[in-house]
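Undergrad: Structure: data.json, JSON, C-alpha atoms.
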```json
[["chain", "number", "residue", "atom", "x", "y", "z"],
["E", 1, "MET", "CA", 184.34, 337.84, 22.52],
["E", 2, "PHE", "CA", 185.55, 341.46, 22.47],
["E", 3, "GLN", "CA", 189.18, 340.35, 22.38],
["E", 4, "GLN", "CA", 188.39, 338.14, 19.41],
["E", 5, "VAL", "CA", 186.87, 341.13, 17.61],
["E", 6, "VAL", "CA", 190.02, 343.16, 18.31],
["E", 7, "ILE", "CA", 192.23, 340.35, 17.00],
["E", 8, "TRP", "CA", 190.04, 340.13, 13.90],
["E", 9, "ILE", "CA", 190.36, 343.89, 13.31],
["E", 10, "VAL", "CA", 194.15, 343.73, 13.73],
["E", 11, "ASP", "CA", 194.19, 340.95, 11.14],
["E", 12, "ILE", "CA", 191.96, 342.95, 8.78],
["E", 13, "VAL", "CA", 194.15, 346.04, 9.11],
["E", 14, "SER", "CA", 197.27, 343.93, 8.61],
["E", 15, "LEU", "CA", 195.76, 342.31, 5.52],
["E", 16, "TRP", "CA", 194.03, 345.30, 3.94],
["E", 17, "GLY", "CA", 196.44, 347.97, 5.17],
["E", 18, "TYR", "CA", 195.39, 351.59, 4.87],
["E", 19, "PRO", "CA", 192.29, 350.90, 2.72],
["E", 20, "GLY", "CA", 191.09, 348.66, 5.57],
["E", 21, "ILE", "CA", 191.36, 351.57, 8.01],
["E", 22, "ILE", "CA", 189.46, 353.82, 5.61],
["E", 23, "VAL", "CA", 186.65, 351.27, 5.16],
["E", 24, "LEU", "CA", 186.31, 350.53, 8.88],
["E", 25, "MET", "CA", 186.36, 354.22, 9.83],
["E", 26, "PHE", "CA", 183.80, 354.92, 7.11],
["E", 27, "LEU", "CA", 181.53, 352.37, 8.75],
["E", 28, "GLU", "CA", 182.21, 353.83, 12.20],
["E", 29, "SER", "CA", 181.41, 357.35, 11.01],
["E", 30, "SER", "CA", 178.13, 356.38, 9.35],
["E", 31, "PHE", "CA", 175.20, 354.44, 10.78],
["E", 32, "PHE", "CA", 177.04, 351.22, 11.52],
["E", 33, "PRO", "CA", 177.80, 350.66, 15.24],
["E", 34, "PHE", "CA", 181.50, 350.11, 14.70],
["E", 35, "PRO", "CA", 183.61, 351.71, 17.47],
["E", 36, "SER", "CA", 186.71, 353.58, 16.34],
["E", 37, "GLU", "CA", 188.34, 352.62, 19.64],
["E", 38, "VAL", "CA", 188.94, 349.12, 18.28],
["E", 39, "VAL", "CA", 190.00, 350.22, 14.79],
["E", 40, "VAL", "CA", 192.67, 352.91, 15.04],
["E", 41, "PRO", "CA", 194.62, 351.83, 18.17],
["E", 42, "PRO", "CA", 195.50, 348.42, 16.65],
["E", 43, "ALA", "CA", 196.74, 350.25, 13.56],
["E", 44, "GLY", "CA", 198.77, 352.52, 15.83],
["E", 45, "TYR", "CA", 200.20, 349.42, 17.45],
["E", 46, "LEU", "CA", 201.18, 348.03, 14.04],
["E", 47, "ALA", "CA", 202.87, 351.37, 13.31],
["E", 48, "SER", "CA", 204.90, 351.02, 16.51],
["E", 49, "GLN", "CA", 206.07, 347.64, 15.23],
["E", 50, "GLY", "CA", 207.24, 349.19, 11.98],
["E", 51, "GLU", "CA", 204.54, 347.44, 9.93],
["E", 52, "MET", "CA", 202.69, 350.67, 9.08],
["E", 53, "SER", "CA", 203.31, 354.41, 8.96],
["E", 54, "LEU", "CA", 201.79, 356.37, 11.85],
["E", 55, "SER", "CA", 201.14, 359.42, 9.69],
["E", 56, "LEU", "CA", 199.38, 357.31, 7.04],
["E", 57, "VAL", "CA", 197.35, 355.55, 9.75],
["E", 58, "ILE", "CA", 196.16, 358.94, 10.98],
["E", 59, "ALA", "CA", 195.48, 360.20, 7.44],
["E", 60, "SER", "CA", 193.52, 357.02, 6.59],
["E", 61, "GLY", "CA", 191.49, 357.30, 9.79],
["E", 62, "ILE", "CA", 190.60, 360.92, 9.08],
["E", 63, "LEU", "CA", 189.73, 360.17, 5.45],
["E", 64, "GLY", "CA", 187.45, 357.28, 6.44],
["E", 65, "SER", "CA", 185.74, 359.43, 9.08],
["E", 66, "VAL", "CA", 185.14, 362.28, 6.64],
["E", 67, "LEU", "CA", 183.80, 359.95, 3.95],
["E", 68, "GLY", "CA", 181.39, 358.36, 6.44],
["E", 69, "ALA", "CA", 180.27, 361.78, 7.64],
["E", 70, "CYS", "CA", 179.71, 362.92, 4.04],
["E", 71, "PHE", "CA", 177.63, 359.79, 3.44],
["E", 72, "ASN", "CA", 175.35, 360.70, 6.35],
["E", 73, "TYR", "CA", 175.27, 364.31, 5.15],
["E", 74, "TRP", "CA", 174.17, 363.12, 1.71],
["E", 75, "LEU", "CA", 171.47, 360.89, 3.20],
["E", 76, "ALA", "CA", 170.08, 363.84, 5.16],
["E", 77, "VAL", "CA", 170.11, 366.09, 2.09],
["E", 78, "LYS", "CA", 168.52, 363.44, -0.12],
["E", 79, "TRP", "CA", 165.83, 362.01, 2.14],
["E", 80, "GLY", "CA", 165.99, 363.82, 5.47],
["E", 81, "ARG", "CA", 163.51, 366.65, 5.14],
["E", 82, "PRO", "CA", 160.78, 364.73, 3.23],
["E", 83, "LEU", "CA", 161.07, 361.93, 5.78],
["E", 84, "PHE", "CA", 160.75, 364.26, 8.77],
["E", 85, "GLU", "CA", 157.94, 366.25, 7.17],
["E", 86, "ARG", "CA", 156.01, 363.05, 6.62],
["E", 87, "TYR", "CA", 156.72, 361.17, 9.85],
["E", 88, "GLY", "CA", 158.11, 363.81, 12.19],
["E", 89, "ARG", "CA", 154.79, 364.31, 13.97],
["E", 90, "TYR", "CA", 155.06, 360.77, 15.31],
["E", 91, "VAL", "CA", 158.18, 361.75, 17.24],
["E", 92, "LEU", "CA", 156.81, 365.19, 18.20],
["E", 93, "LEU", "CA", 158.87, 366.99, 15.56],
["E", 94, "THR", "CA", 156.69, 369.65, 13.96],
["E", 95, "PRO", "CA", 157.59, 371.48, 10.74],
["E", 96, "ALA", "CA", 158.14, 374.64, 12.81],
["E", 97, "ALA", "CA", 160.55, 372.84, 15.13],
["E", 98, "LEU", "CA", 162.35, 371.39, 12.12],
["E", 99, "GLU", "CA", 162.72, 374.84, 10.60],
["E", 100, "LYS", "CA", 164.07, 376.24, 13.88],
["E", 101, "SER", "CA", 166.63, 373.46, 14.15],
["E", 102, "GLU", "CA", 167.74, 374.08, 10.57],
["E", 103, "LYS", "CA", 168.14, 377.81, 11.21],
["E", 104, "PHE", "CA", 170.14, 377.07, 14.36],
["E", 105, "PHE", "CA", 172.48, 374.76, 12.52],
["E", 106, "ALA", "CA", 172.81, 377.21, 9.64],
["E", 107, "LYS", "CA", 174.14, 379.78, 12.14],
["E", 108, "HIS", "CA", 176.12, 377.52, 14.45],
["E", 109, "GLY", "CA", 176.90, 374.53, 12.25],
["E", 110, "HIS", "CA", 180.67, 374.98, 12.33],
["E", 111, "ILE", "CA", 181.06, 374.83, 16.13],
["E", 112, "SER", "CA", 178.33, 372.16, 16.35],
["E", 113, "THR", "CA", 180.09, 369.95, 13.80],
["E", 114, "PHE", "CA", 183.50, 370.37, 15.41],
["E", 115, "VAL", "CA", 182.31, 369.68, 18.96],
["E", 116, "GLY", "CA", 179.99, 366.89, 17.86],
["E", 117, "ARG", "CA", 182.84, 364.99, 16.20],
["E", 118, "LEU", "CA", 184.65, 364.89, 19.54],
["E", 119, "LEU", "CA", 181.79, 363.46, 21.62],
["E", 120, "PRO", "CA", 180.98, 359.71, 21.80],
["E", 121, "GLY", "CA", 177.48, 358.81, 20.69],
["E", 122, "ILE", "CA", 177.16, 362.10, 18.80],
["E", 123, "ARG", "CA", 180.02, 361.99, 16.31],
["E", 124, "GLN", "CA", 178.24, 359.47, 14.07],
["E", 125, "TYR", "CA", 175.04, 361.51, 13.83],
["E", 126, "ILE", "CA", 176.11, 365.17, 13.86],
["E", 127, "SER", "CA", 176.25, 364.99, 10.05],
["E", 128, "LEU", "CA", 172.48, 364.54, 9.85],
["E", 129, "PRO", "CA", 171.43, 368.01, 11.08],
["E", 130, "ALA", "CA", 174.25, 369.45, 8.97],
["E", 131, "GLY", "CA", 172.72, 367.80, 5.91],
["E", 132, "LEU", "CA", 169.20, 368.85, 6.85],
["E", 133, "ALA", "CA", 170.35, 372.46, 7.17],
["E", 134, "ARG", "CA", 172.41, 372.08, 3.96],
["E", 135, "MET", "CA", 175.44, 373.45, 5.72],
["E", 136, "ASN", "CA", 178.13, 374.75, 3.40],
["E", 137, "LEU", "CA", 179.82, 371.53, 2.28],
["E", 138, "PRO", "CA", 183.48, 372.73, 2.26],
["E", 139, "LEU", "CA", 182.92, 374.22, 5.73],
["E", 140, "PHE", "CA", 181.32, 370.99, 6.90],
["E", 141, "ILE", "CA", 184.24, 368.92, 5.59],
["E", 142, "ALA", "CA", 186.78, 371.29, 7.15],
["E", 143, "PHE", "CA", 185.28, 371.17, 10.66],
["E", 144, "THR", "CA", 184.55, 367.45, 10.39],
["E", 145, "SER", "CA", 188.19, 366.86, 9.45],
["E", 146, "LEU", "CA", 189.38, 369.00, 12.36],
["E", 147, "GLY", "CA", 187.22, 367.26, 14.96],
["E", 148, "ALA", "CA", 187.76, 363.78, 13.55],
["E", 149, "GLY", "CA", 191.47, 364.50, 13.21],
["E", 150, "ILE", "CA", 191.90, 365.23, 16.91],
["E", 151, "TRP", "CA", 190.09, 362.01, 17.85],
["E", 152, "VAL", "CA", 191.99, 359.86, 15.35],
["E", 153, "VAL", "CA", 195.33, 361.26, 16.55],
["E", 154, "VAL", "CA", 194.40, 360.41, 20.15],
["E", 155, "LEU", "CA", 193.44, 356.86, 19.15],
["E", 156, "ALA", "CA", 196.49, 356.29, 16.97],
["E", 157, "LEU", "CA", 198.91, 357.55, 19.61],
["E", 158, "SER", "CA", 197.18, 355.38, 22.23],
["E", 159, "GLY", "CA", 197.93, 352.26, 20.22],
["E", 160, "TYR", "CA", 201.39, 353.47, 19.25],
["E", 161, "LEU", "CA", 202.49, 354.31, 22.81],
["E", 162, "ILE", "CA", 200.56, 351.76, 24.88],
["E", 163, "GLY", "CA", 200.56, 348.79, 22.54],
["E", 164, "ASN", "CA", 197.86, 346.24, 21.79],
["E", 165, "ASN", "CA", 196.46, 346.23, 25.34],
["E", 166, "GLN", "CA", 192.80, 347.13, 24.83],
["E", 167, "GLU", "CA", 192.00, 347.17, 28.54],
["E", 168, "LEU", "CA", 194.76, 349.67, 29.31],
["E", 169, "ILE", "CA", 193.91, 351.72, 26.22],
["E", 170, "GLY", "CA", 190.27, 351.79, 27.35],
["E", 171, "GLN", "CA", 191.28, 353.16, 30.74],
["E", 172, "TYR", "CA", 193.36, 355.93, 29.21],
["E", 173, "LEU", "CA", 190.72, 356.76, 26.61],
["E", 174, "HIS", "CA", 188.08, 357.07, 29.32],
["E", 175, "GLN", "CA", 190.18, 359.70, 31.07],
["E", 176, "ILE", "CA", 190.95, 361.44, 27.79],
["E", 177, "MET", "CA", 187.26, 361.53, 26.84],
["E", 178, "ILE", "CA", 186.44, 363.23, 30.13],
["E", 179, "GLY", "CA", 189.08, 365.84, 29.33],
["E", 180, "ILE", "CA", 187.73, 366.27, 25.80],
["E", 181, "ALA", "CA", 184.17, 366.69, 27.12],
["E", 182, "PHE", "CA", 185.40, 369.41, 29.49],
["E", 183, "LEU", "CA", 187.26, 371.08, 26.61],
["E", 184, "CYS", "CA", 184.07, 371.02, 24.54],
["E", 185, "LEU", "CA", 182.16, 372.74, 27.34],
["E", 186, "VAL", "CA", 184.82, 375.43, 27.50],
["E", 187, "LEU", "CA", 184.75, 375.89, 23.71],
["E", 188, "VAL", "CA", 180.95, 376.18, 23.62],
["E", 189, "ALA", "CA", 180.92, 378.61, 26.56],
["E", 190, "GLY", "CA", 183.62, 380.71, 24.90],
["E", 191, "TYR", "CA", 181.75, 380.65, 21.59],
["E", 192, "VAL", "CA", 178.51, 381.80, 23.23],
["E", 193, "PHE", "CA", 180.31, 384.52, 25.22],
["E", 194, "PHE", "CA", 182.15, 386.03, 22.26],
["E", 195, "ARG", "CA", 179.12, 385.77, 19.99],
["E", 196, "LYS", "CA", 176.96, 387.64, 22.51],
["E", 197, "LYS", "CA", 179.72, 390.20, 22.99],
["E", 198, "ARG", "CA", 180.00, 390.76, 19.24],
["E", 199, "LEU", "CA", 176.24, 391.01, 18.86],
["E", 200, "LYS", "CA", 176.07, 393.56, 21.69],
["E", 201, "ARG", "CA", 178.83, 395.61, 20.07],
["E", 202, "GLN", "CA", 177.01, 395.56, 16.72],
["E", 203, "ILE", "CA", 173.82, 396.75, 18.41],
["E", 204, "ASN", "CA", 175.67, 399.59, 20.14],
["E", 205, "GLU", "CA", 177.38, 400.61, 16.90],
["E", 206, "GLY", "CA", 174.08, 400.48, 15.04]]
```
Once you've parsed the file, please lay out its structure as structure tokens.
TA:
Amino acid sequence: MFQQVVIWIVDIVSLWGYPGIIVLMFLESSFFPFPSEVVVPPAGYLASQGEMSLSLVIASGILGSVLGACFNYWLAVKWGRPLFERYGRYVLLTPAALEKSEKFFAKHGHISTFVGRLLPGIRQYISLPAGLARMNLPLFIAFTSLGAGIWVVVLALSGYLIGNNQELIGQYLHQIMIGIAFLCLVLVAGYVFFRKKRLKRQINEG
């Protein structure tokens, strides 16, 4: 069944070309459970066969990811806060907790967005707290593009170098995701360390 889905995606990408990648990655980056692992690697494989351009595959993947993230951001801005204020108590989310989360994301939204885009299961939904906090939109797009760009490059190169072998690609991606998760931990730890150091220096200077 999975192999049939992969074949179907390869056919869609072959037929639609770069707009197909953009549409599928838009879906993957929004609420639709559409894994990017079966979208970009087949396009990378087609690039290795000379049927597509690797750079345009990567650019299309990033564009689709950013558009999907902006869609979620817009949903959160448009309906997020009224929805949570009305029904949040049913999931133990009080107005005070909502306000705290918004303040946190207002301060740390850039690192949260960047790291969130690199982590499976989080990348599709990190746009929602950004929208709730009304994070600066150009900043949100910049860090979304950076995080999504790294992931899309990894996926595209996997298909380009390994070929259309989803099982082998899955094995390599699993190892890569472990490495990315470790990198994210290092980045967050470094961010916290330098932020505390800067805050301490400001206190001493004040």
Undergrad: Could you work out how far CA of Leu187 (chain E) lies from CA of Ile62 (chain E), giving the answer in Å with one decimal?
TA: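 Between CA of Ile62 (chain E) and CA of Leu187 (chain E) the gap is 21.7 Å.
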Undergrad: For CA of Leu27 (chain E) and CA of Gly68 (chain E), determine how far apart the two atoms are, in Å to one decimal place.
TA: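 Between CA of Leu27 (chain E) and CA of Gly68 (chain E) the gap is 6.4 Å.
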Undergrad: Using all atoms listed in the file, find the one residue out of E:Asn72, E:Pro19, E:Met135, E:Gly170 that sits nearest to Pro35 (chain E).
TA: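 Nearest to Pro35 (chain E): E:Gly170.
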Undergrad: Quick one: residues within 12 Å of Glu102 (chain E), all atoms listed in the file, excluding same-chain residues fewer than 4 positions away - as a VMD selection string?
TA: chain E and resid 76 to 77 80 to 81 95 to 98 106 to 109 128 to 135
Undergrad: Now that the selection is made, can you save its residues with C-alpha atoms as a PDB file, in the coordinates of the input?
TA:
```pdb
ATOM      1  CA  ALA E  76     170.080 363.840   5.160  1.00  0.00           C
ATOM      2  CA  VAL E  77     170.110 366.090   2.090  1.00  0.00           C
ATOM      3  CA  GLY E  80     165.990 363.820   5.470  1.00  0.00           C
ATOM      4  CA  ARG E  81     163.510 366.650   5.140  1.00  0.00           C
ATOM      5  CA  PRO E  95     157.590 371.480  10.740  1.00  0.00           C
ATOM      6  CA  ALA E  96     158.140 374.640  12.810  1.00  0.00           C
ATOM      7  CA  ALA E  97     160.550 372.840  15.130  1.00  0.00           C
ATOM      8  CA  LEU E  98     162.350 371.390  12.120  1.00  0.00           C
ATOM      9  CA  ALA E 106     172.810 377.210   9.640  1.00  0.00           C
ATOM     10  CA  LYS E 107     174.140 379.780  12.140  1.00  0.00           C
ATOM     11  CA  HIS E 108     176.120 377.520  14.450  1.00  0.00           C
ATOM     12  CA  GLY E 109     176.900 374.530  12.250  1.00  0.00           C
ATOM     13  CA  LEU E 128     172.480 364.540   9.850  1.00  0.00           C
ATOM     14  CA  PRO E 129     171.430 368.010  11.080  1.00  0.00           C
ATOM     15  CA  ALA E 130     174.250 369.450   8.970  1.00  0.00           C
ATOM     16  CA  GLY E 131     172.720 367.800   5.910  1.00  0.00           C
ATOM     17  CA  LEU E 132     169.200 368.850   6.850  1.00  0.00           C
ATOM     18  CA  ALA E 133     170.350 372.460   7.170  1.00  0.00           C
ATOM     19  CA  ARG E 134     172.410 372.080   3.960  1.00  0.00           C
ATOM     20  CA  MET E 135     175.440 373.450   5.720  1.00  0.00           C
TER      21      MET E 135
END
```
Undergrad: For Leu185 (chain E), which of E:Ala47, E:Ile12, E:Val23, E:Val115 is the closest residue, counting all atoms listed in the file?
TA: E:Val115
